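Asks: I am sharing query10.txt, which consists of compact mmCIF, C-alpha atoms:
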```
# COMPACT_ATOMS: atom_id res chain seq x y z
CA MET A 224 40.54 -51.92 88.18
CA LYS A 225 38.77 -55.24 88.66
CA ARG A 226 40.44 -56.80 85.64
CA TYR A 227 43.88 -56.14 87.15
CA PHE A 228 42.95 -58.42 90.03
CA SER A 229 41.36 -61.14 87.93
CA SER A 230 42.54 -64.71 88.33
CA PRO A 231 44.44 -64.85 84.97
CA VAL A 232 46.28 -61.58 85.66
CA LEU A 233 47.23 -62.61 89.19
CA THR A 234 48.35 -66.03 87.94
CA LEU A 235 50.57 -64.37 85.35
CA PHE A 236 51.95 -61.97 87.97
CA PHE A 237 52.84 -64.67 90.48
CA THR A 238 54.37 -66.87 87.79
CA TYR A 239 56.79 -64.06 86.99
CA THR A 240 57.48 -63.30 90.66
CA LEU A 241 58.18 -66.99 91.24
CA PHE A 242 60.81 -67.19 88.49
CA ILE A 243 62.34 -63.85 89.52
CA SER A 244 62.42 -64.38 93.28
CA SER A 245 63.81 -67.92 92.91
CA THR A 246 67.11 -66.30 91.96
CA PHE A 247 67.66 -64.50 95.26
CA THR A 248 65.00 -64.97 97.96
CA ILE A 249 63.28 -68.05 99.37
CA ALA A 250 60.61 -65.90 101.05
CA GLY A 251 59.52 -64.43 97.72
CA GLN A 252 59.53 -67.74 95.88
CA ASP A 253 57.54 -69.53 98.60
CA ALA A 254 54.98 -66.73 98.77
CA SER A 255 54.58 -66.94 94.98
CA ILE A 256 54.11 -70.71 95.11
CA ILE A 257 51.46 -70.39 97.83
CA PHE A 258 49.51 -67.80 95.83
CA LEU A 259 49.71 -69.99 92.70
CA TYR A 260 48.36 -72.90 94.75
CA LEU A 261 45.49 -70.77 96.04
CA LEU A 262 44.69 -69.47 92.56
CA GLY A 263 44.72 -73.05 91.26
CA ILE A 264 42.28 -74.16 93.95
CA TYR A 265 40.06 -71.14 93.19
CA SER A 266 40.06 -72.03 89.49
CA LEU A 267 39.05 -75.64 90.23
CA ILE A 268 36.20 -74.52 92.48
CA ARG A 269 35.00 -71.88 90.04
CA ASN A 270 35.04 -74.27 87.08
CA ARG A 271 33.60 -77.10 89.17
CA LYS A 272 36.05 -79.72 88.02
CA LEU A 273 38.48 -82.10 89.64
CA PRO A 274 42.23 -81.72 89.10
CA ASP A 275 43.92 -83.88 86.48
CA MET A 276 45.55 -86.75 88.39
CA SER A 277 46.74 -88.75 85.40
CA HIS A 278 50.37 -87.64 85.28
CA PRO A 279 52.69 -90.50 86.36
CA MET A 280 55.23 -88.15 87.90
CA LEU A 281 52.53 -86.62 90.08
CA TRP A 282 51.81 -90.07 91.48
CA MET A 283 55.50 -90.62 92.19
CA PHE A 284 55.66 -87.33 94.12
CA LEU A 285 52.53 -88.28 96.05
CA LEU A 286 53.89 -91.76 96.71
CA PHE A 287 57.14 -90.35 98.07
CA THR A 288 55.22 -87.94 100.30
CA ALA A 289 52.92 -90.75 101.50
CA PHE A 290 55.83 -93.03 102.44
CA SER A 291 57.57 -90.19 104.28
CA LEU A 292 54.40 -89.60 106.30
CA ILE A 293 53.93 -93.32 106.96
CA SER A 294 57.51 -93.46 108.18
CA GLY A 295 56.73 -90.70 110.66
CA VAL A 296 53.45 -92.24 111.88
CA LEU A 297 54.78 -95.78 112.39
CA ASN A 298 58.28 -94.83 113.49
CA GLN A 299 59.63 -96.11 116.79
CA TYR A 300 60.78 -92.60 117.66
CA GLU A 301 58.57 -89.64 118.49
CA VAL A 302 58.32 -88.00 115.10
CA ASP A 303 56.04 -85.14 114.09
CA ALA A 304 54.84 -86.76 110.87
CA LEU A 305 53.40 -83.51 109.50
CA MET A 306 56.86 -81.91 109.69
CA ASN A 307 57.79 -84.14 106.75
CA LEU A 308 55.61 -81.92 104.59
CA ARG A 309 58.00 -79.02 105.20
CA SER A 310 60.40 -80.46 102.64
CA ASN A 311 57.71 -81.84 100.30
CA TRP A 312 55.00 -79.21 99.99
CA ARG A 313 56.53 -77.61 96.87
CA MET A 314 56.35 -80.87 94.90
CA LEU A 315 52.94 -80.04 93.43
CA LEU A 316 54.39 -76.95 91.75
CA PRO A 317 55.10 -78.53 88.31
CA PHE A 318 51.50 -79.70 88.02
CA VAL A 319 50.16 -76.25 88.90
CA LEU A 320 52.50 -74.65 86.36
CA LEU A 321 51.35 -77.11 83.70
CA THR A 322 47.96 -75.38 83.84
CA VAL A 323 49.57 -71.92 83.82
CA LEU A 324 52.43 -71.87 81.32
CA HIS A 325 50.10 -71.82 78.28
CA MET A 326 49.07 -68.33 79.46
CA VAL A 327 52.66 -67.08 79.55
CA ASP A 328 55.00 -65.89 76.82
CA GLU A 329 57.80 -68.38 77.47
CA GLU A 330 60.40 -66.29 75.69
CA ASN A 331 59.74 -63.22 77.84
CA LEU A 332 59.56 -65.36 80.97
CA LEU A 333 62.97 -66.94 80.30
CA LYS A 334 64.40 -63.58 79.26
CA THR A 335 63.36 -62.11 82.62
CA TYR A 336 64.52 -65.19 84.53
CA TYR A 337 68.02 -65.10 83.06
CA ALA A 338 68.38 -61.33 83.38
CA PHE A 339 68.09 -61.77 87.14
CA TRP A 340 70.34 -64.85 87.17
CA LEU A 341 73.04 -63.00 85.23
CA PHE A 342 72.97 -60.19 87.77
CA ILE A 343 73.26 -62.69 90.65
CA ALA A 344 76.01 -64.58 88.77
CA VAL A 345 78.12 -61.44 88.41
CA TYR A 346 77.48 -60.73 92.09
CA GLY A 347 78.68 -64.25 92.94
CA ILE A 348 81.91 -63.72 91.00
CA VAL A 349 82.49 -60.45 92.88
CA GLN A 350 81.90 -62.32 96.16
CA PHE A 351 84.55 -64.86 95.19
CA PHE A 352 87.17 -62.11 95.18
CA ASN A 353 86.15 -59.95 98.14
CA GLY A 354 83.36 -61.70 100.05
CA ALA A 355 80.85 -58.94 99.31
CA ASP A 356 77.47 -59.33 101.01
CA TRP A 357 75.88 -56.06 100.01
CA PHE A 358 72.22 -57.00 100.49
CA ARG A 359 72.51 -57.81 104.19
CA PRO A 360 73.47 -55.58 107.15
CA GLN A 361 77.15 -55.86 108.06
CA GLU A 362 76.30 -57.50 111.38
CA SER A 363 74.27 -60.17 109.51
CA SER A 364 76.87 -60.86 106.84
CA VAL A 365 77.29 -64.52 105.86
CA SER A 366 80.48 -63.94 103.85
CA THR A 367 82.59 -67.10 104.13
CA PRO A 368 86.32 -67.17 103.32
CA TYR A 369 87.93 -70.38 102.11
CA MET A 370 91.24 -70.98 103.94
CA SER A 371 91.93 -67.28 103.62
CA SER A 372 94.77 -65.56 105.42
CA GLY A 373 93.02 -62.25 104.89
CA GLY A 374 93.95 -59.27 102.76
CA GLU A 375 94.46 -59.49 99.03
CA SER A 376 95.02 -63.26 98.99
CA GLY A 377 91.55 -64.09 100.33
CA VAL A 378 89.14 -66.31 98.39
CA PHE A 379 85.49 -66.54 99.35
CA HIS A 380 82.62 -68.92 98.61
CA ALA A 381 80.15 -67.34 96.16
CA LYS A 382 76.68 -67.38 97.73
CA GLY A 383 74.63 -64.84 95.81
CA ASN A 384 71.91 -63.68 98.17
CA PHE A 385 71.52 -67.15 99.71
CA THR A 386 72.97 -68.25 103.05
CA HIS A 387 75.02 -71.25 101.90
CA HIS A 388 77.40 -71.73 99.01
CA LEU A 389 76.00 -75.17 98.11
CA THR A 390 72.49 -73.70 97.89
CA PHE A 391 73.75 -71.02 95.52
CA GLY A 392 75.87 -73.48 93.53
CA GLY A 393 73.04 -76.01 93.26
CA SER A 394 70.61 -73.40 91.91
CA MET A 395 73.22 -72.05 89.49
CA LEU A 396 73.97 -75.59 88.29
CA ILE A 397 70.32 -76.05 87.30
CA CYS A 398 69.85 -72.72 85.53
CA SER A 399 73.22 -72.76 83.74
CA SER A 400 72.51 -76.20 82.25
CA LEU A 401 69.34 -74.95 80.58
CA ALA A 402 71.07 -71.78 79.38
CA ALA A 403 73.93 -73.81 77.88
CA SER A 404 71.46 -75.99 76.01
CA PHE A 405 70.14 -72.92 74.19
CA LEU A 406 73.57 -72.08 72.75
CA PHE A 407 72.90 -74.52 69.92
CA ILE A 408 69.27 -73.65 69.18
CA ARG A 409 68.51 -73.55 65.49
CA GLY A 410 67.68 -70.24 63.83
CA LEU A 411 69.47 -67.88 66.24
CA TYR A 412 70.82 -64.65 64.84
CA LEU A 413 74.61 -64.57 65.01
CA THR A 414 74.61 -61.48 67.24
CA THR A 415 72.24 -63.17 69.68
CA ARG A 416 74.41 -66.29 69.82
CA LEU A 417 77.54 -64.19 70.36
CA LEU A 418 75.81 -62.48 73.30
CA MET A 419 74.63 -65.77 74.78
CA ILE A 420 78.09 -67.38 74.83
CA PRO A 421 79.66 -64.96 77.38
CA ALA A 422 76.39 -64.97 79.37
CA VAL A 423 76.59 -68.76 79.77
CA LEU A 424 80.29 -68.52 80.62
CA ILE A 425 79.42 -66.07 83.42
CA LEU A 426 76.83 -68.52 84.76
CA TRP A 427 79.39 -71.35 84.69
CA LEU A 428 82.09 -69.23 86.35
CA SER A 429 79.69 -68.21 89.10
CA THR A 430 78.69 -71.85 89.62
CA ALA A 431 82.37 -72.78 89.95
CA ALA A 432 82.94 -69.81 92.29
CA SER A 433 80.70 -71.44 94.90
CA LEU A 434 83.75 -73.67 95.55
CA GLY A 435 81.42 -76.58 96.20
CA ARG A 436 83.16 -79.75 95.04
CA SER A 437 79.81 -81.53 94.74
CA ILE A 438 78.66 -78.67 92.49
CA TRP A 439 81.76 -79.11 90.35
CA VAL A 440 80.93 -82.80 89.96
CA GLY A 441 77.34 -81.97 89.02
CA LEU A 442 78.43 -79.33 86.52
CA THR A 443 80.85 -81.79 84.92
CA VAL A 444 78.07 -84.37 84.51
CA ALA A 445 75.75 -81.72 83.05
CA LEU A 446 78.39 -80.67 80.51
CA PHE A 447 79.04 -84.28 79.52
CA LEU A 448 75.32 -84.83 78.92
CA LEU A 449 75.19 -81.73 76.73
CA LEU A 450 78.28 -82.99 74.90
CA LEU A 451 76.46 -86.28 74.29
CA ARG A 452 73.77 -84.29 72.54
CA ILE A 453 76.32 -82.78 70.15
CA SER A 454 78.43 -85.87 69.50
CA PRO A 455 78.41 -89.23 71.31
CA LYS A 456 81.95 -89.85 70.04
CA LEU A 457 83.23 -86.63 71.60
CA MET A 458 81.50 -87.54 74.86
CA ILE A 459 83.19 -90.96 74.93
CA ILE A 460 86.60 -89.40 74.24
CA ALA A 461 86.04 -86.79 76.95
CA THR A 462 84.93 -89.51 79.41
CA VAL A 463 88.11 -91.51 78.76
CA LEU A 464 90.28 -88.42 79.23
CA LEU A 465 88.47 -87.49 82.44
CA THR A 466 88.80 -91.02 83.80
CA VAL A 467 92.54 -91.05 83.11
CA THR A 468 92.95 -87.60 84.67
CA ALA A 469 90.96 -88.57 87.77
CA THR A 470 93.03 -91.73 88.16
CA LEU A 471 96.27 -89.75 88.00
CA LEU A 472 94.97 -87.24 90.52
CA PHE A 473 94.01 -90.01 92.92
CA MET A 474 97.48 -91.51 92.53
CA ASN A 475 99.09 -88.16 93.36
CA PHE A 476 96.74 -86.91 96.06
CA GLY A 477 95.05 -90.05 97.39
CA GLU A 478 97.31 -90.29 100.41
CA GLY A 479 99.16 -87.84 102.55
CA LEU A 480 98.96 -84.06 102.80
CA LEU A 481 97.90 -81.94 99.88
CA SER A 482 100.82 -79.59 100.38
CA THR A 483 103.59 -78.93 102.84
CA GLY A 484 102.13 -75.61 103.92
CA LYS A 485 99.00 -73.54 103.95
CA PRO A 486 98.09 -72.19 100.49
CA GLU A 487 98.28 -68.41 100.25
CA THR A 488 97.61 -67.18 96.72
CA ARG A 489 94.28 -67.50 94.93
CA ILE A 490 95.72 -70.00 92.47
CA GLU A 491 97.15 -72.15 95.27
CA ILE A 492 93.84 -72.04 97.15
CA ILE A 493 91.86 -73.17 94.09
CA GLN A 494 94.42 -75.91 93.43
CA HIS A 495 94.07 -77.00 97.06
CA ARG A 496 90.29 -77.11 96.80
CA LEU A 497 90.41 -79.15 93.60
CA ALA A 498 93.09 -81.54 94.84
CA SER A 499 91.27 -82.10 98.13
CA GLY A 500 88.55 -83.92 96.22
CA PHE A 501 91.08 -86.63 95.38
CA ASN A 502 92.57 -86.89 98.86
CA LEU A 503 91.20 -89.65 101.10
CA LYS A 504 92.31 -87.93 104.31
CA SER A 505 90.58 -84.71 103.31
CA ASN A 506 87.34 -86.61 102.65
CA ARG A 507 87.49 -88.90 105.66
CA ASP A 508 84.80 -86.97 107.54
CA ARG A 509 82.30 -87.46 104.72
CA LEU A 510 83.22 -91.10 104.17
CA LEU A 511 82.67 -91.86 107.85
CA MET A 512 79.37 -89.96 107.78
CA TRP A 513 78.27 -92.33 105.02
CA LYS A 514 79.44 -95.28 107.11
CA SER A 515 77.39 -94.10 110.09
CA ALA A 516 74.39 -93.64 107.78
CA TRP A 517 74.67 -97.21 106.52
CA HIS A 518 74.82 -98.53 110.08
CA GLY A 519 71.68 -96.53 110.84
CA ILE A 520 69.96 -97.82 107.71
CA ARG A 521 70.69 -101.44 108.62
CA ASP A 522 69.03 -100.94 112.01
CA HIS A 523 66.07 -98.97 110.57
CA PHE A 524 65.79 -100.58 107.16
CA TRP A 525 62.02 -100.43 106.61
CA LEU A 526 60.82 -97.19 108.24
CA GLY A 527 63.99 -95.18 108.73
CA ILE A 528 64.58 -92.95 111.74
CA GLY A 529 62.09 -90.25 110.77
CA PHE A 530 62.45 -86.68 109.57
CA GLN A 531 64.85 -84.40 111.50
CA LYS A 532 65.82 -87.14 113.96
CA ASP A 533 69.49 -87.31 112.90
CA ALA A 534 70.78 -85.28 115.84
CA GLU A 535 69.03 -87.55 118.31
CA VAL A 536 69.37 -90.99 116.70
CA MET A 537 72.67 -90.85 114.83
CA GLU A 538 74.95 -89.67 117.63
CA PRO A 539 75.48 -93.20 119.09
CA TYR A 540 76.49 -94.48 115.64
CA ARG A 541 79.03 -91.70 115.40
CA GLU A 542 80.34 -92.43 118.87
CA LYS A 543 80.97 -96.01 117.84
CA ILE A 544 82.93 -94.86 114.79
CA ILE A 545 84.91 -92.39 116.91
CA GLN A 546 85.91 -95.23 119.25
CA GLU A 547 86.92 -97.43 116.30
CA THR A 548 88.85 -94.84 114.29
CA GLY A 549 89.71 -91.99 116.64
CA HIS A 550 88.23 -89.59 114.10
CA HIS A 551 86.27 -86.58 115.38
CA PHE A 552 83.57 -85.38 113.04
CA ILE A 553 83.73 -81.82 111.73
CA ASN A 554 79.97 -81.56 111.26
CA SER A 555 77.36 -82.43 113.87
CA ALA A 556 74.96 -85.33 113.34
CA GLY A 557 72.12 -82.86 112.87
CA VAL A 558 73.41 -81.65 109.49
CA GLY A 559 72.80 -85.07 107.92
CA VAL A 560 75.10 -87.37 106.01
CA HIS A 561 75.84 -85.28 102.90
CA ASN A 562 74.31 -87.80 100.51
CA ILE A 563 70.67 -87.33 99.50
CA TYR A 564 70.21 -91.03 98.67
CA LEU A 565 71.54 -92.35 101.98
CA GLN A 566 69.77 -89.49 103.75
CA THR A 567 66.41 -90.33 102.19
CA TRP A 568 66.74 -94.02 103.02
CA LEU A 569 67.90 -93.22 106.54
CA ASN A 570 64.99 -90.86 107.21
CA PHE A 571 62.12 -92.53 105.35
CA GLY A 572 63.07 -96.18 104.98
CA ILE A 573 63.42 -98.39 101.93
CA PHE A 574 60.07 -97.46 100.37
CA GLY A 575 60.75 -93.75 100.75
CA PHE A 576 64.12 -94.28 99.07
CA ILE A 577 62.65 -96.30 96.19
CA SER A 578 59.86 -93.78 95.60
CA TYR A 579 62.38 -90.91 95.57
CA LEU A 580 64.39 -92.70 92.89
CA GLY A 581 61.11 -93.47 91.10
CA ILE A 582 60.44 -89.74 90.69
CA TRP A 583 63.59 -89.30 88.63
CA ILE A 584 63.29 -92.58 86.75
CA VAL A 585 59.85 -91.51 85.51
CA PHE A 586 61.15 -88.02 84.72
CA PHE A 587 64.13 -89.24 82.68
CA TYR A 588 61.95 -91.75 80.85
CA GLN A 589 59.51 -89.03 79.83
CA VAL A 590 62.24 -86.57 78.86
CA VAL A 591 64.15 -89.09 76.73
CA LYS A 592 60.90 -90.12 75.06
CA GLY A 593 60.05 -86.45 74.52
CA ILE A 594 63.45 -85.75 72.97
CA SER A 595 62.81 -88.48 70.41
CA ASN A 596 59.74 -86.53 69.26
CA THR A 597 61.65 -83.28 68.66
CA GLN A 598 63.85 -82.03 65.87
CA LYS A 599 67.50 -81.62 66.78
CA PHE A 600 68.28 -78.18 68.21
CA ASP A 601 64.73 -76.82 68.02
CA TYR A 602 63.19 -75.01 71.00
CA SER A 603 61.58 -78.08 72.60
CA ASN A 604 64.74 -80.11 72.01
CA CYS A 605 66.81 -77.47 73.85
CA ILE A 606 64.40 -77.36 76.80
CA LEU A 607 64.42 -81.15 77.17
CA TRP A 608 68.18 -81.53 76.79
CA GLY A 609 68.69 -78.69 79.27
CA ALA A 610 66.40 -80.49 81.71
CA LEU A 611 68.21 -83.79 81.15
CA ALA A 612 71.60 -82.17 81.79
CA GLY A 613 70.44 -80.05 84.72
CA ILE A 614 68.65 -82.83 86.58
CA GLY A 615 71.46 -85.27 85.75
CA GLY A 616 73.99 -82.87 87.25
CA PHE A 617 71.74 -82.26 90.26
CA MET A 618 71.48 -86.00 90.92
CA ALA A 619 75.25 -86.45 90.58
CA ALA A 620 75.85 -83.64 93.08
CA GLY A 621 73.36 -85.37 95.38
CA PHE A 622 75.87 -88.13 96.08
CA PHE A 623 77.82 -85.58 98.12
CA GLU A 624 75.14 -83.34 99.65
CA ASN A 625 71.52 -83.21 100.82
CA ASN A 626 70.67 -80.82 98.00
CA PHE A 627 66.99 -81.66 97.51
CA ARG A 628 66.29 -80.54 101.10
CA ASP A 629 67.29 -76.93 100.28
CA GLY A 630 64.16 -74.97 99.42
CA GLU A 631 65.95 -72.78 96.87
CA VAL A 632 67.54 -75.72 95.05
CA GLN A 633 64.31 -77.69 95.19
CA THR A 634 62.42 -74.80 93.58
CA SER A 635 65.03 -74.43 90.82
CA VAL A 636 64.75 -78.16 90.15
CA LEU A 637 60.95 -78.03 90.04
CA LEU A 638 60.96 -75.03 87.69
CA LEU A 639 63.18 -76.94 85.28
CA VAL A 640 60.95 -80.01 85.63
CA SER A 641 57.91 -77.81 84.93
CA LEU A 642 59.39 -76.40 81.72
CA ALA A 643 60.30 -79.89 80.51
CA LEU A 644 56.92 -81.43 81.33
CA TYR A 645 55.16 -78.54 79.63
CA GLU A 646 57.11 -79.16 76.41
CA ILE A 647 56.13 -82.83 76.59
CA GLN A 648 52.54 -81.83 77.21
CA LYS A 649 52.57 -79.56 74.16
CA GLN A 650 53.74 -82.53 72.10
CA ARG A 651 50.61 -84.35 73.19
CA SER A 652 48.51 -81.36 72.11
CA LEU A 653 46.84 -80.99 75.51
CA PHE A 654 47.22 -77.25 75.06
CA PRO A 655 47.36 -75.36 71.74
CA LYS A 656 50.74 -73.86 70.94
CA LYS A 657 50.82 -70.11 71.07
CA ARG A 658 53.20 -70.04 68.08
CA SER A 659 53.89 -72.40 65.22
CA SER A 660 57.60 -72.01 65.93
CA MET A 661 59.50 -70.41 68.77
CA THR A 662 63.02 -69.04 68.74
CA MET A 663 65.27 -67.54 71.35
CA ASN A 664 66.20 -64.45 69.29
CA ARG A 665 64.60 -62.23 71.93
CA ILE A 666 66.17 -63.89 74.97
CA LEU A 667 68.96 -61.33 74.96
```
Rewrite the structure of this file - the entire thing - as structure tokens.

Replies:
Amino acid sequence: MKRYFSSPVLTLFFTYTLFISSTFTIAGQDASIIFLYLLGIYSLIRNRKLPDMSHPMLWMFLLFTAFSLISGVLNQYEVDALMNLRSNWRMLLPFVLLTVLHMVDEENLLKTYYAFWLFIAVYGIVQFFNGADWFRPQESSVSTPYMSSGGESGVFHAKGNFTHHLTFGGSMLICSSLAASFLFIRGLYLTTRLLMIPAVLILWLSTAASLGRSIWVGLTVALFLLLLRISPKLMIIATVLLTVTATLLFMNFGEGLLSTGKPETRIEIIQHRLASGFNLKSNRDRLLMWKSAWHGIRDHFWLGIGFQKDAEVMEPYREKIIQETGHHFINSAGVGVHNIYLQTWLNFGIFGFISYLGIWIVFFYQVVKGISNTQKFDYSNCILWGALAGIGGFMAAGFFENNFRDGEVQTSVLLLVSLALYEIQKQRSLFPKKRSSMTMNRIL
């Protein structure tokens, strides 16, 4: 019995529960992360050694956390500096998993991870059509229709088991990018590849069913990055075509109403949602939120306003814009500015903003360098390209939402970062490879 509760067995157990629970419950994922942290501390104490602090990305995470705390301590407003840790405490996860993943069969782990994601993806597609929220009591349902008139013509935001469609879409964006990267892995049996293609399509459809326009932008960027991997020429052609299409859409929908009446059918509703992204009037609320954020940044350039002070500090900036434009904001100041870059600068000042960007600059540098050390379409190559596409799409979506503040999205991002950093670490032979070659023939 004792061996079932040994540190290695518990570490393996909570690694699996982390990947599984990240697909549907923040309580389960956070509990798993906490137990992995505790097991990591226990291992360090038992082995009487200090943690490895040499990883450059670890220092960027720590630097970002330090600047966010400094912003809170020195801020002119009354800020609980320790509250900043609420959105940063998971950032050590990749460096804990780097010491764990060599104990895990990666193929089985990913197989389990995507089995749960496929179930949630199908559930999300069902939600799109009928707003199902089967895993919550009816009185606690968070089913959200999109401009629905009820009945058979209703369209709903896919949410999975999360509480917000952008949280669901952001997590699906990350996982679908990695899954799509594996479509081209070398050495797959034909039957396995034929099974993976519809599985990835389901993940993409579920991501699109969130109806989050920022998620659609992120997914487009992720697909273009994966296309770059296949053929730079095709990517350039696709970019030109997309640019021309976007220009035409702006010319047709940039001014005025999207339609003369309220859309009724599912096709009309989806067309309305897509066209609204190219309509300046439809996006005026977000544009003016960005304007208020910039005004706040100019007045709090160095230290920002502090964490969770938007509701208190930003209201006067909004009032000024309301007086100038007559526009009344749809969202309250407390929800933020729907742009993670402006939001980070506004809350934590210039150094917090620079250190946040530094995290991803270091990550992309390491991933691109790691890709150069792989063979095209091998296992490591697919992991790294999936990470490049997923994080690239996540950062693109961040221009339109505060996605890194969502615990579920943040965990999905950090899991993808962990897998990528582990592949890079294996290249450096810090841990022995469990197999001379790995394939994905057992993923499905």

Asks: Mind checking which residues fall within 12 Å of Lys592 in chain A, counting only C-alpha atoms, ignoring those fewer than 2 positions away in the same chain, and posting them as a VMD selection string?

Replies: chain A and resid 585 to 590 594 to 597 604 607 to 608 611 643 to 644 646 to 648 650 to 651

Asks: Please measure the separation of CA of Lys514 in chain A and CA of Gly621 in chain A, giving the value in Å to one decimal.

Replies: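 We find that CA of Lys514 in chain A and CA of Gly621 in chain A lie 16.5 Å from each other.
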
Asks: Measuring between all atoms listed in the file, which one of A:Ser429, A:Thr335, A:Ser364, A:Gln566 shows the shortest distance to Val349 in chain A?

Replies: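 Under the stated criterion, the closest residue is A:Ser429.
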
Asks: Quick one: residues within 12 Å of Leu401 in chain A, only C-alpha atoms counted, chain neighbours fewer than 2 positions away excluded, as an MDAnalysis selection string?

Replies: chainID A and resid 333 336:337 394:399 403:408 423 426:427 442 445:446 448:449 602:616 635:636 638:640 642:643

Asks: Show me, as a ChimeraX atom specification, the residues that have an atom within 8 Å of Ile438 in chain A when counting only C-alpha atoms, minus same-chain residues fewer than 2 positions from it.

Replies: /A:389,392-393,396,430-431,433-436,440-442,620

Asks: Which is closest to Phe473 in chain A among A:Lys504, A:Lys334, A:Lys272, A:Lys382, if we use all atoms listed in the file?

Replies: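 For Phe473 in chain A, the nearest of the candidates is A:Lys504.
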
Asks: Given the choices A:Ile492, A:Met474, A:Ala461, A:Ile553, which gets closest to Ser505 in chain A if the distance is worked out from all atoms listed in the file?

Replies: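 Distance minimum relative to Ser505 in chain A lands on A:Ile553.
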
Asks: Which residue is closest to Ala381 in chain A? Choose from A:Pro360, A:Gly347, A:Pro368, A:Gly581 and count all atoms listed in the file.

Replies: A:Gly347

Asks: Should you be able to, write range 262-283 of chain A of this structure into a file that contains C-alpha atoms, as an mmCIF file, in the first residue's frame.

Replies:
```
data_model
loop_
_atom_site.group_PDB
_atom_site.id
_atom_site.type_symbol
_atom_site.label_atom_id
_atom_site.label_comp_id
_atom_site.auth_asym_id
_atom_site.auth_seq_id
_atom_site.Cartn_x
_atom_site.Cartn_y
_atom_site.Cartn_z
ATOM 1 C CA LEU A 262 5.497 17.226 -4.181
ATOM 2 C CA GLY A 263 8.223 19.263 -5.874
ATOM 3 C CA ILE A 264 9.095 21.004 -2.607
ATOM 4 C CA TYR A 265 9.114 17.638 -0.814
ATOM 5 C CA SER A 266 11.479 16.213 -3.436
ATOM 6 C CA LEU A 267 13.880 19.159 -3.052
ATOM 7 C CA ILE A 268 13.919 18.812 0.732
ATOM 8 C CA ARG A 269 14.345 15.049 0.616
ATOM 9 C CA ASN A 270 17.191 15.215 -1.900
ATOM 10 C CA ARG A 271 18.738 18.217 -0.141
ATOM 11 C CA LYS A 272 19.286 20.251 -3.267
ATOM 12 C CA LEU A 273 18.336 23.675 -4.511
ATOM 13 C CA PRO A 274 15.988 24.086 -7.483
ATOM 14 C CA ASP A 275 17.484 24.718 -10.910
ATOM 15 C CA MET A 276 17.185 28.473 -11.501
ATOM 16 C CA SER A 277 19.086 28.636 -14.773
ATOM 17 C CA HIS A 278 16.175 28.681 -17.215
ATOM 18 C CA PRO A 279 15.839 32.147 -18.839
ATOM 19 C CA MET A 280 12.070 31.886 -19.131
ATOM 20 C CA LEU A 281 11.807 31.219 -15.401
ATOM 21 C CA TRP A 282 13.600 34.496 -14.769
ATOM 22 C CA MET A 283 11.211 36.324 -17.089
#
```
